[in-house]
Structure formats: C-alpha cells, structure tokens
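As stored in structure15.json (JSON, C-alpha atoms):
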```json
[["chain", "number", "residue", "atom", "x", "y", "z"],
["A", 208, "MET", "CA", 0.00, 0.00, 0.00],
["A", 209, "LEU", "CA", 1.35, 3.42, -1.00],
["A", 210, "ARG", "CA", 0.81, 6.57, 1.03],
["A", 211, "GLN", "CA", 0.27, 9.29, -1.56],
["A", 212, "PRO", "CA", 1.49, 12.85, -0.97],
["A", 213, "ALA", "CA", -1.13, 15.03, 0.69],
["A", 214, "VAL", "CA", 0.44, 18.50, 0.55],
["A", 215, "ALA", "CA", 2.42, 18.53, -2.71],
["A", 216, "GLY", "CA", 1.50, 21.70, -4.56],
["A", 217, "MET", "CA", 0.64, 23.42, -1.26],
["A", 218, "PHE", "CA", 3.56, 23.13, 1.16],
["A", 219, "TYR", "CA", 6.10, 22.41, -1.58],
["A", 220, "PRO", "CA", 6.15, 22.18, -5.40],
["A", 221, "ALA", "CA", 4.31, 19.26, -6.98],
["A", 222, "ASP", "CA", 6.53, 19.29, -10.07],
["A", 223, "ALA", "CA", 9.52, 17.00, -9.53],
["A", 224, "VAL", "CA", 12.03, 19.16, -11.41],
["A", 225, "LEU", "CA", 10.98, 22.35, -9.63],
["A", 226, "LEU", "CA", 10.89, 20.55, -6.29],
["A", 227, "ARG", "CA", 14.42, 19.22, -6.67],
["A", 228, "GLN", "CA", 15.68, 22.66, -7.69],
["A", 229, "THR", "CA", 13.86, 24.26, -4.77],
["A", 230, "VAL", "CA", 15.29, 21.83, -2.23],
["A", 231, "GLN", "CA", 18.82, 22.21, -3.57],
["A", 232, "GLN", "CA", 18.52, 25.98, -3.31],
["A", 233, "LEU", "CA", 17.18, 25.75, 0.24],
["A", 234, "MET", "CA", 20.10, 23.55, 1.28],
["A", 235, "LYS", "CA", 22.68, 26.07, 0.16],
["A", 236, "SER", "CA", 24.39, 27.59, 3.18],
["A", 237, "SER", "CA", 27.38, 29.78, 3.92],
["A", 238, "LEU", "CA", 28.38, 27.23, 6.58],
["A", 239, "ALA", "CA", 30.08, 24.16, 5.17],
["A", 240, "PRO", "CA", 29.15, 20.85, 6.83],
["A", 241, "ASP", "CA", 31.76, 19.56, 9.26],
["A", 242, "ALA", "CA", 32.84, 16.08, 8.23],
["A", 243, "HIS", "CA", 34.17, 15.46, 11.75],
["A", 244, "VAL", "CA", 30.97, 16.28, 13.67],
["A", 245, "ARG", "CA", 28.27, 13.80, 12.80],
["A", 246, "PRO", "CA", 24.59, 14.58, 13.47],
["A", 247, "LYS", "CA", 22.78, 11.56, 14.91],
["A", 248, "ALA", "CA", 19.49, 13.46, 15.11],
["A", 249, "LEU", "CA", 17.89, 16.61, 13.74],
["A", 250, "ILE", "CA", 15.00, 18.81, 14.73],
["A", 251, "ALA", "CA", 13.61, 20.51, 11.60],
["A", 252, "PRO", "CA", 10.51, 22.66, 10.93],
["A", 253, "HIS", "CA", 7.57, 21.54, 8.80],
["A", 254, "ALA", "CA", 5.83, 24.64, 7.45],
["A", 255, "GLY", "CA", 5.53, 25.45, 3.77],
["A", 256, "TYR", "CA", 8.94, 25.74, 2.17],
["A", 257, "VAL", "CA", 8.49, 29.44, 1.44],
["A", 258, "TYR", "CA", 8.27, 29.99, 5.22],
["A", 259, "SER", "CA", 10.58, 27.45, 6.86],
["A", 260, "GLY", "CA", 12.36, 25.68, 4.03],
["A", 261, "ALA", "CA", 15.66, 27.53, 4.41],
["A", 262, "VAL", "CA", 15.86, 26.66, 8.11],
["A", 263, "ALA", "CA", 15.18, 23.00, 7.38],
["A", 264, "GLY", "CA", 17.51, 23.00, 4.40],
["A", 265, "GLN", "CA", 20.49, 24.19, 6.41],
["A", 266, "ALA", "CA", 20.02, 21.23, 8.77],
["A", 267, "TYR", "CA", 19.79, 18.69, 5.97],
["A", 268, "ALA", "CA", 22.87, 20.14, 4.30],
["A", 269, "ARG", "CA", 24.84, 18.97, 7.36],
["A", 270, "LEU", "CA", 24.16, 15.38, 6.32],
["A", 271, "THR", "CA", 26.04, 15.51, 3.04],
["A", 272, "PRO", "CA", 29.31, 14.00, 4.32],
["A", 273, "TYR", "CA", 27.37, 11.00, 5.66],
["A", 274, "ALA", "CA", 24.86, 10.46, 2.87],
["A", 275, "GLU", "CA", 26.26, 7.11, 1.81],
["A", 276, "ALA", "CA", 26.23, 5.74, 5.36],
["A", 277, "ILE", "CA", 22.66, 6.66, 6.33],
["A", 278, "ARG", "CA", 20.31, 3.86, 5.33],
["A", 279, "ARG", "CA", 17.38, 4.29, 7.73],
["A", 280, "VAL", "CA", 15.55, 7.43, 8.88],
["A", 281, "VAL", "CA", 13.38, 7.34, 12.01],
["A", 282, "LEU", "CA", 11.00, 10.26, 11.44],
["A", 283, "LEU", "CA", 8.68, 11.56, 14.16],
["A", 284, "GLY", "CA", 6.24, 14.45, 13.98],
["A", 285, "PRO", "CA", 3.11, 15.61, 15.79],
["A", 286, "ALA", "CA", -0.26, 14.32, 14.65],
["A", 287, "HIS", "CA", -2.13, 17.50, 13.66],
["A", 288, "ARG", "CA", -5.28, 15.99, 12.16],
["A", 289, "VAL", "CA", -6.16, 12.87, 14.17],
["A", 290, "ARG", "CA", -6.34, 12.43, 17.92],
["A", 291, "LEU", "CA", -4.53, 9.33, 19.04],
["A", 292, "ARG", "CA", -2.92, 7.75, 22.04],
["A", 293, "GLY", "CA", 0.73, 6.88, 21.53],
["A", 294, "LEU", "CA", 2.81, 6.81, 18.37],
["A", 295, "ALA", "CA", 1.24, 5.68, 15.10],
["A", 296, "LEU", "CA", 2.87, 3.68, 12.35],
["A", 297, "PRO", "CA", 1.04, 3.55, 9.00],
["A", 298, "GLU", "CA", -0.38, 0.47, 7.36],
["A", 299, "ALA", "CA", 1.21, 1.75, 4.16],
["A", 300, "ASP", "CA", 4.47, 0.07, 3.19],
["A", 301, "SER", "CA", 5.87, 3.08, 1.32],
["A", 302, "PHE", "CA", 5.53, 6.87, 1.10],
["A", 303, "ALA", "CA", 5.46, 8.79, -2.19],
["A", 304, "THR", "CA", 6.52, 12.32, -3.06],
["A", 305, "PRO", "CA", 7.08, 13.88, -6.49],
["A", 306, "LEU", "CA", 10.71, 12.76, -6.12],
["A", 307, "GLY", "CA", 9.84, 9.08, -5.84],
["A", 308, "VAL", "CA", 8.90, 6.39, -3.36],
["A", 309, "VAL", "CA", 10.47, 5.69, 0.03],
["A", 310, "PRO", "CA", 9.89, 2.22, 1.51],
["A", 311, "VAL", "CA", 8.84, 1.79, 5.12],
["A", 312, "ASP", "CA", 11.45, -0.19, 7.04],
["A", 313, "GLN", "CA", 9.67, -3.44, 7.79],
["A", 314, "ALA", "CA", 12.36, -4.74, 10.14],
["A", 315, "SER", "CA", 11.81, -1.67, 12.31],
["A", 316, "VAL", "CA", 8.05, -2.17, 12.20],
["A", 317, "ARG", "CA", 8.60, -5.67, 13.55],
["A", 318, "GLN", "CA", 10.89, -4.30, 16.26],
["A", 319, "LEU", "CA", 8.12, -2.02, 17.48],
["A", 320, "ALA", "CA", 5.43, -4.70, 17.44],
["A", 321, "GLY", "CA", 4.10, -5.31, 20.90],
["A", 322, "MET", "CA", 5.18, -1.97, 22.38],
["A", 323, "LYS", "CA", 2.12, -0.67, 24.21],
["A", 324, "GLN", "CA", 2.60, 2.93, 23.04],
["A", 325, "VAL", "CA", 2.83, 2.03, 19.33],
["A", 326, "VAL", "CA", -0.33, 1.69, 17.26],
["A", 327, "VAL", "CA", -1.08, 1.37, 13.54],
["A", 328, "SER", "CA", -3.21, 4.07, 11.94],
["A", 329, "ASP", "CA", -3.33, 5.06, 8.28],
["A", 330, "ALA", "CA", -5.77, 7.83, 9.26],
["A", 331, "ALA", "CA", -3.09, 9.50, 11.37],
["A", 332, "HIS", "CA", -0.80, 9.65, 8.31],
["A", 333, "ALA", "CA", -3.23, 10.25, 5.45],
["A", 334, "LEU", "CA", -3.30, 14.07, 5.63],
["A", 335, "GLU", "CA", -0.38, 14.67, 8.00],
["A", 336, "HIS", "CA", 2.10, 17.23, 6.69],
["A", 337, "SER", "CA", 4.68, 17.18, 9.50],
["A", 338, "LEU", "CA", 6.34, 14.02, 8.20],
["A", 339, "GLU", "CA", 5.70, 14.50, 4.49],
["A", 340, "VAL", "CA", 7.47, 17.84, 4.12],
["A", 341, "GLN", "CA", 10.72, 16.32, 5.41],
["A", 342, "LEU", "CA", 10.82, 13.63, 2.74],
["A", 343, "PRO", "CA", 11.93, 15.70, -0.29],
["A", 344, "PHE", "CA", 14.91, 16.97, 1.74],
["A", 345, "LEU", "CA", 15.83, 13.42, 2.73],
["A", 346, "GLN", "CA", 15.36, 12.17, -0.83],
["A", 347, "SER", "CA", 17.59, 14.95, -2.15],
["A", 348, "VAL", "CA", 20.50, 14.47, 0.27],
["A", 349, "LEU", "CA", 20.54, 10.71, 0.93],
["A", 350, "ASP", "CA", 21.33, 8.04, -1.63],
["A", 351, "HIS", "CA", 18.98, 5.21, -0.62],
["A", 352, "PHE", "CA", 17.12, 4.85, 2.65],
["A", 353, "THR", "CA", 14.15, 3.27, 4.34],
["A", 354, "LEU", "CA", 11.72, 5.15, 6.57],
["A", 355, "VAL", "CA", 10.20, 4.61, 9.99],
["A", 356, "PRO", "CA", 7.35, 7.17, 10.01],
["A", 357, "LEU", "CA", 5.73, 7.80, 13.40],
["A", 358, "ALA", "CA", 2.92, 10.30, 13.99],
["A", 359, "VAL", "CA", 3.03, 11.23, 17.67],
["A", 360, "GLY", "CA", -0.18, 11.80, 19.58],
["A", 361, "ASP", "CA", -0.65, 11.68, 23.35],
["A", 362, "ALA", "CA", 2.56, 10.10, 24.60],
["A", 363, "THR", "CA", 5.01, 10.77, 27.40],
["A", 364, "GLY", "CA", 8.60, 11.71, 26.78],
["A", 365, "GLU", "CA", 9.66, 8.38, 28.23],
["A", 366, "GLU", "CA", 7.38, 6.51, 25.84],
["A", 367, "VAL", "CA", 8.87, 8.35, 22.89],
["A", 368, "ALA", "CA", 12.41, 7.82, 24.22],
["A", 369, "GLU", "CA", 11.77, 4.08, 24.56],
["A", 370, "VAL", "CA", 10.83, 3.90, 20.88],
["A", 371, "LEU", "CA", 13.88, 5.93, 19.85],
["A", 372, "GLU", "CA", 16.20, 3.78, 21.92],
["A", 373, "THR", "CA", 14.71, 0.62, 20.40],
["A", 374, "LEU", "CA", 15.47, 1.96, 16.92],
["A", 375, "TRP", "CA", 18.71, 3.82, 17.77],
["A", 376, "GLY", "CA", 21.00, 1.68, 15.67],
["A", 377, "GLY", "CA", 24.41, 2.91, 14.57],
["A", 378, "GLN", "CA", 25.75, 5.12, 11.81],
["A", 379, "GLU", "CA", 23.14, 3.77, 9.41],
["A", 380, "THR", "CA", 20.29, 5.37, 11.39],
["A", 381, "LEU", "CA", 19.30, 9.04, 11.45],
["A", 382, "ILE", "CA", 16.58, 10.39, 13.75],
["A", 383, "VAL", "CA", 14.52, 13.38, 12.60],
["A", 384, "ILE", "CA", 12.01, 15.22, 14.78],
["A", 385, "SER", "CA", 9.64, 17.46, 12.83],
["A", 386, "SER", "CA", 8.46, 20.50, 14.77],
["A", 387, "ASP", "CA", 7.75, 24.20, 14.47],
["A", 388, "LEU", "CA", 8.06, 26.53, 17.46],
["A", 389, "SER", "CA", 5.58, 29.19, 18.63],
["A", 390, "HIS", "CA", 2.42, 29.89, 16.65],
["A", 391, "TYR", "CA", 0.69, 33.17, 15.81],
["A", 392, "LEU", "CA", 2.42, 35.52, 18.24],
["A", 393, "PRO", "CA", 3.49, 39.05, 17.30],
["A", 394, "TYR", "CA", 7.02, 39.13, 15.88],
["A", 395, "ALA", "CA", 8.93, 40.41, 18.92],
["A", 396, "GLU", "CA", 7.05, 38.20, 21.35],
["A", 397, "ALA", "CA", 7.66, 35.17, 19.16],
["A", 398, "GLN", "CA", 11.37, 35.94, 19.08],
["A", 399, "ARG", "CA", 11.51, 36.00, 22.89],
["A", 400, "THR", "CA", 9.40, 32.86, 23.26],
["A", 401, "ASP", "CA", 11.37, 30.91, 20.67],
["A", 402, "HIS", "CA", 14.69, 32.00, 22.13],
["A", 403, "ASP", "CA", 13.59, 30.58, 25.49],
["A", 404, "THR", "CA", 12.37, 27.34, 23.89],
["A", 405, "VAL", "CA", 15.59, 26.80, 21.98],
["A", 406, "ASP", "CA", 17.58, 27.57, 25.11],
["A", 407, "ARG", "CA", 15.66, 24.84, 26.95],
["A", 408, "ILE", "CA", 16.44, 22.37, 24.18],
["A", 409, "LEU", "CA", 20.13, 23.26, 24.27],
["A", 410, "ARG", "CA", 20.17, 22.73, 28.04],
["A", 411, "GLY", "CA", 18.36, 19.39, 27.73],
["A", 412, "ARG", "CA", 15.33, 20.68, 29.65],
["A", 413, "LEU", "CA", 12.01, 19.11, 28.67],
["A", 414, "LEU", "CA", 9.30, 21.29, 27.12],
["A", 415, "ASP", "CA", 6.06, 21.57, 29.06],
["A", 416, "ARG", "CA", 3.70, 23.36, 26.68],
["A", 417, "TYR", "CA", 2.55, 22.87, 23.10],
["A", 418, "ASP", "CA", 2.79, 26.61, 22.53],
["A", 419, "GLN", "CA", 6.57, 26.26, 22.87],
["A", 420, "ALA", "CA", 6.66, 23.75, 20.00],
["A", 421, "CYS", "CA", 3.94, 21.74, 18.31],
["A", 422, "GLY", "CA", 6.32, 18.78, 18.38],
["A", 423, "ALA", "CA", 7.05, 19.14, 22.10],
["A", 424, "LEU", "CA", 6.33, 15.46, 22.82],
["A", 425, "PRO", "CA", 8.71, 13.95, 20.25],
["A", 426, "ILE", "CA", 11.28, 16.63, 21.14],
["A", 427, "ASN", "CA", 11.07, 15.58, 24.78],
["A", 428, "GLY", "CA", 11.62, 11.96, 23.83],
["A", 429, "LEU", "CA", 14.70, 12.92, 21.84],
["A", 430, "LEU", "CA", 16.04, 15.04, 24.70],
["A", 431, "LEU", "CA", 15.76, 12.11, 27.09],
["A", 432, "ALA", "CA", 17.40, 9.67, 24.68],
["A", 433, "ALA", "CA", 20.11, 12.17, 23.70],
["A", 434, "SER", "CA", 21.08, 12.82, 27.31],
["A", 435, "ARG", "CA", 21.56, 9.10, 27.87],
["A", 436, "ARG", "CA", 23.73, 8.84, 24.76],
["A", 437, "ASP", "CA", 25.82, 11.96, 25.48],
["A", 438, "LEU", "CA", 24.69, 13.80, 22.37],
["A", 439, "VAL", "CA", 25.07, 17.56, 22.29],
["A", 440, "PRO", "CA", 22.50, 19.84, 20.60],
["A", 441, "LYS", "CA", 23.65, 22.68, 18.37],
["A", 442, "VAL", "CA", 21.45, 25.29, 16.71],
["A", 443, "ILE", "CA", 21.87, 25.32, 12.95],
["A", 444, "ALA", "CA", 19.38, 28.03, 11.97],
["A", 445, "GLN", "CA", 16.45, 29.94, 13.44],
["A", 446, "CYS", "CA", 13.89, 32.49, 12.25],
["A", 447, "ASN", "CA", 10.14, 32.99, 12.03],
["A", 448, "SER", "CA", 7.66, 33.55, 9.23],
["A", 449, "GLY", "CA", 7.99, 37.31, 9.67],
["A", 450, "ASP", "CA", 11.56, 36.97, 8.44],
["A", 451, "THR", "CA", 10.62, 34.98, 5.34],
["A", 452, "ALA", "CA", 7.22, 35.26, 3.67],
["A", 453, "GLY", "CA", 4.66, 36.39, 6.23],
["A", 454, "ASP", "CA", 3.59, 39.56, 8.01],
["A", 455, "ARG", "CA", 4.85, 40.29, 11.51],
["A", 456, "GLN", "CA", 1.51, 40.46, 13.32],
["A", 457, "ARG", "CA", 1.03, 36.69, 13.69],
["A", 458, "VAL", "CA", 4.14, 34.64, 13.03],
["A", 459, "VAL", "CA", 5.26, 31.02, 13.38],
["A", 460, "GLY", "CA", 8.69, 30.21, 14.74],
["A", 461, "TYR", "CA", 11.21, 27.79, 13.23],
["A", 462, "ALA", "CA", 14.54, 26.33, 14.31],
["A", 463, "SER", "CA", 16.76, 23.50, 13.18],
["A", 464, "VAL", "CA", 18.93, 21.75, 15.75],
["A", 465, "ALA", "CA", 21.51, 19.03, 15.22],
["A", 466, "PHE", "CA", 22.32, 16.51, 17.96],
["A", 467, "LEU", "CA", 25.99, 15.68, 17.61],
["A", 468, "GLU", "CA", 27.94, 12.60, 18.56],
["A", 469, "GLY", "CA", 31.28, 12.67, 20.35],
["A", 470, "GLN", "CA", 30.90, 16.15, 21.83],
["A", 471, "GLY", "CA", 30.44, 15.42, 25.53],
["A", 472, "SER", "CA", 27.24, 15.51, 27.58],
["A", 473, "ILE", "CA", 24.34, 17.96, 27.52],
["A", 474, "GLN", "CA", 24.72, 20.61, 30.20]]
```
Please lay out the structure from this file as structure tokens.
Amino acid sequence: MLRQPAVAGMFYPADAVLLRQTVQQLMKSSLAPDAHVRPKALIAPHAGYVYSGAVAGQAYARLTPYAEAIRRVVLLGPAHRVRLRGLALPEADSFATPLGVVPVDQASVRQLAGMKQVVVSDAAHALEHSLEVQLPFLQSVLDHFTLVPLAVGDATGEEVAEVLETLWGGQETLIVISSDLSHYLPYAEAQRTDHDTVDRILRGRLLDRYDQACGALPINGLLLAASRRDLVPKVIAQCNSGDTAGDRQRVVGYASVAFLEGQGSIQ
C-alpha cells in the first residue's frame, strides 16, 4: 500500500524538477558541513517551504558528508489531524513524493510490534504534513534509505524515548524530529518565546507546553534519549515567518537543531 502525498503543490512544489531545484537551493548555506561532527538526530521545521524551508535546508545540508552511510531514517512528527494515544505507524508500506517512493522499514516495524505505546493508523498519516514535508529533503540528500514514520499523539517523553532507543541503531540510522516553534504571536514576542524554547532544548530541559513547539512530545523523547547517549544539541538556523514570507503580526517560529555525537554531555 502506498501513502500518496497530501500537501504537494501546497507546502512544496508538486513538479519534480521544480521541487528538486527548490530543495537544492534551500540547502545552500554559507556554513560548510563539518565532516568530523556527525549529526545523529535533527529537529527541523515543517511549514511550507516558502516559510521554513531555508531553516530546514540548512540542517539537511549537514548530512552531506554522511549520505552514503545513512540507510534508515526514524521520522517523528506531531499528529495534527487525528487524535490518538501513543505513536502511530502507518499500514502503508511506502511513502510517495514527487521525487519518488520511500519504503517503510519493515524490520523496524517488527521491532516495534508489541510496544504498548505504538499503534497502527493510516488515518493519522493520510493528511499529515509534518512528516511528508521532510521527505523531499531526505530524498535529495541521501542516496537510498528506508523510513520509519511515526505520527506522535498523546505520549510521554519516556514513551517516545523508549521507541527511539529501540530503533537507535548505529551510523546507518538518522533520527529526525519534525516541529515548528511558537504559533501566531506578534514578531517580537515570538522571538523572545522561541529563544527561550531553543535555550531549553540546548540545556536538555524538557518542554512543558505545546505553545513552545507543536512537536514538544517527540522533542522531549529525543532530549531524554540524547542525554543518555551523550549527544550535544547545536542550533543550525532559526527564524520565524515574519523573516521569510509572512507579516509580523502573527508569526510562526522555526529552528533547526543538530544533535551531535562525540561532543560530551548535555549541560
């Protein structure tokens, strides 16, 4: 069963050639990726590319030295459209975008079978944009990979961390958490709020409100798992929609954060 794209032509271009060109442009950065500092996990935003694509693109550009090694992506994002308890896998065995088809990693699905917080729900994935908008970036930077797509509903940080630790793997596995920051605040207030939220993430402090980040629950799970694995978070890029394509009366905040291996423990 194939999960068809739900937001192509809305959040990102539906034409494959234009989409690939757009993604490549968004991944251009003045900061060259460091081949000696490997991201194990990323937090990246999931708004329309015109709003948050450059912030996401700078994070994905950091993967280029490791593209050949990464073979599995564990992708978590908040369930915006369907209320659910736990983390939802799809029934679909592959996800499509205009750039092609990504297979769901069936070995990982089997690993998660029996975990009380993991359910199966195609409804949770059918219209969900938080996972889908990450796929063209992954398809553009990685050579070949399988996907573990998880829509996160009502779940504790520990429940999310348990899933991440089950799927942690080695250099072949990348973890991506899809999340925006504050929503619909005035520009200056959003800047202050998002600065505080990012500071909490950098300090390894769990988020306690959805208005800090719509993906607060999967972020919390990553923070718990990262602290146990001595990963260190580093901000790659940050802005809000008032800096890109929106007005400054009601903005949405975006940040990309890389969690790096071999850098010591989170403070």
Find the spatial neighbours of Asp329 of chain A, counting all atoms listed in the file, within a cut-off of 10 Å - ignore same-chain residues fewer than 2 positions away - and output them as a PDB file with C-alpha atoms, keeping the file's coordinate frame.
```pdb
ATOM      1  CA  ARG A 210       0.810   6.570   1.030  1.00  0.00           C
ATOM      2  CA  ALA A 295       1.240   5.680  15.100  1.00  0.00           C
ATOM      3  CA  LEU A 296       2.870   3.680  12.350  1.00  0.00           C
ATOM      4  CA  PRO A 297       1.040   3.550   9.000  1.00  0.00           C
ATOM      5  CA  GLU A 298      -0.380   0.470   7.360  1.00  0.00           C
ATOM      6  CA  ALA A 299       1.210   1.750   4.160  1.00  0.00           C
ATOM      7  CA  VAL A 327      -1.080   1.370  13.540  1.00  0.00           C
ATOM      8  CA  ALA A 331      -3.090   9.500  11.370  1.00  0.00           C
ATOM      9  CA  HIS A 332      -0.800   9.650   8.310  1.00  0.00           C
ATOM     10  CA  ALA A 333      -3.230  10.250   5.450  1.00  0.00           C
ATOM     11  CA  LEU A 334      -3.300  14.070   5.630  1.00  0.00           C
ATOM     12  CA  ALA A 358       2.920  10.300  13.990  1.00  0.00           C
TER      13      ALA A 358
END
```
**Asked** Which of these, A:Tyr394, A:Gly460, A:Val280, A:Leu388, has the shortest distance to Ile426 of chain A once you count all atoms listed in the file?
**Response**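 Between A:Tyr394, A:Gly460, A:Val280, A:Leu388, the residue approaching Ile426 of chain A most closely is A:Leu388.
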Sorted by chain and rising residue number, list the residues of segment 315-388 of chain A at most 12 Å from segment 231-236 of chain A (counting only C-alpha atoms), each with its closest atom pair and distance in Å to one decimal, as CSV.
```
residue,atom,partner,partner_atom,distance
A:Pro343,CA,A:Gln231,CA,10.0
A:Phe344,CA,A:Met234,CA,8.4
A:Leu345,CA,A:Met234,CA,11.1
A:Gln346,CA,A:Gln231,CA,11.0
A:Ser347,CA,A:Gln231,CA,7.5
A:Val348,CA,A:Gln231,CA,8.8
```
**Prompt:** Quick one: residues within 6 Å of Val458 of chain A, all atoms listed in the file counted, chain neighbours fewer than 4 positions away excluded, as a PyMOL selection string?
**Reply:** chain A and resi 391-392+448-449
**Request:** Give me the residues within 8 Å of Leu249 of chain A as number ranges by chain, counting all atoms listed in the file and dropping any in the same chain fewer than 2 places off.
**Result:** A: 246-247, 251, 266, 382-384, 463-466
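Between Thr304 of chain A and the residues A:Ala274, A:Ala268, A:Ala223, A:Val262, the shortest atom-to-atom distance, using all atoms listed in the file, involves A:Ala223.
A distance cut-off of 9 Å around (16.5, 3.6, 17.7), counting only C-alpha atoms, selects these protein and nucleic acid residues: A:Val281, A:Ser315, A:Ala368, A:Glu369, A:Val370, A:Leu371, A:Glu372, A:Thr373, A:Leu374, A:Trp375, A:Gly376, A:Gly377, A:Thr380, A:Leu381, A:Ile382.
If you look at atom CA of Val230 of chain A and atom CA of Val355 of chain A, they are 21.7 Å away from each other.
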**Fill in**
One decimal place gives the atom CA of Val459 of chain A-atom CA of Arg288 of chain A separation as 18.4 Å
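In terms of minimum interatomic distance to Glu468 of chain A, A:Val244 ranks closest within A:Met208, A:Leu294, A:Val244, A:Val367, counting all atoms listed in the file.
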**Message:** Using all atoms listed in the file, list the residues that have an atom at most 8 Å from (-2.8, 9.5, 23.7), coordinates as in the file, as an MDAnalysis selection string.
**Reply:** chainID A and resid 290:293 360:362
**Item:** Nearest to Thr451 of chain A by atom-to-atom distance, counting all atoms listed in the file, from A:Ile408, A:Ala254, A:Leu209, A:Ala248
**Value:** A:Ala254
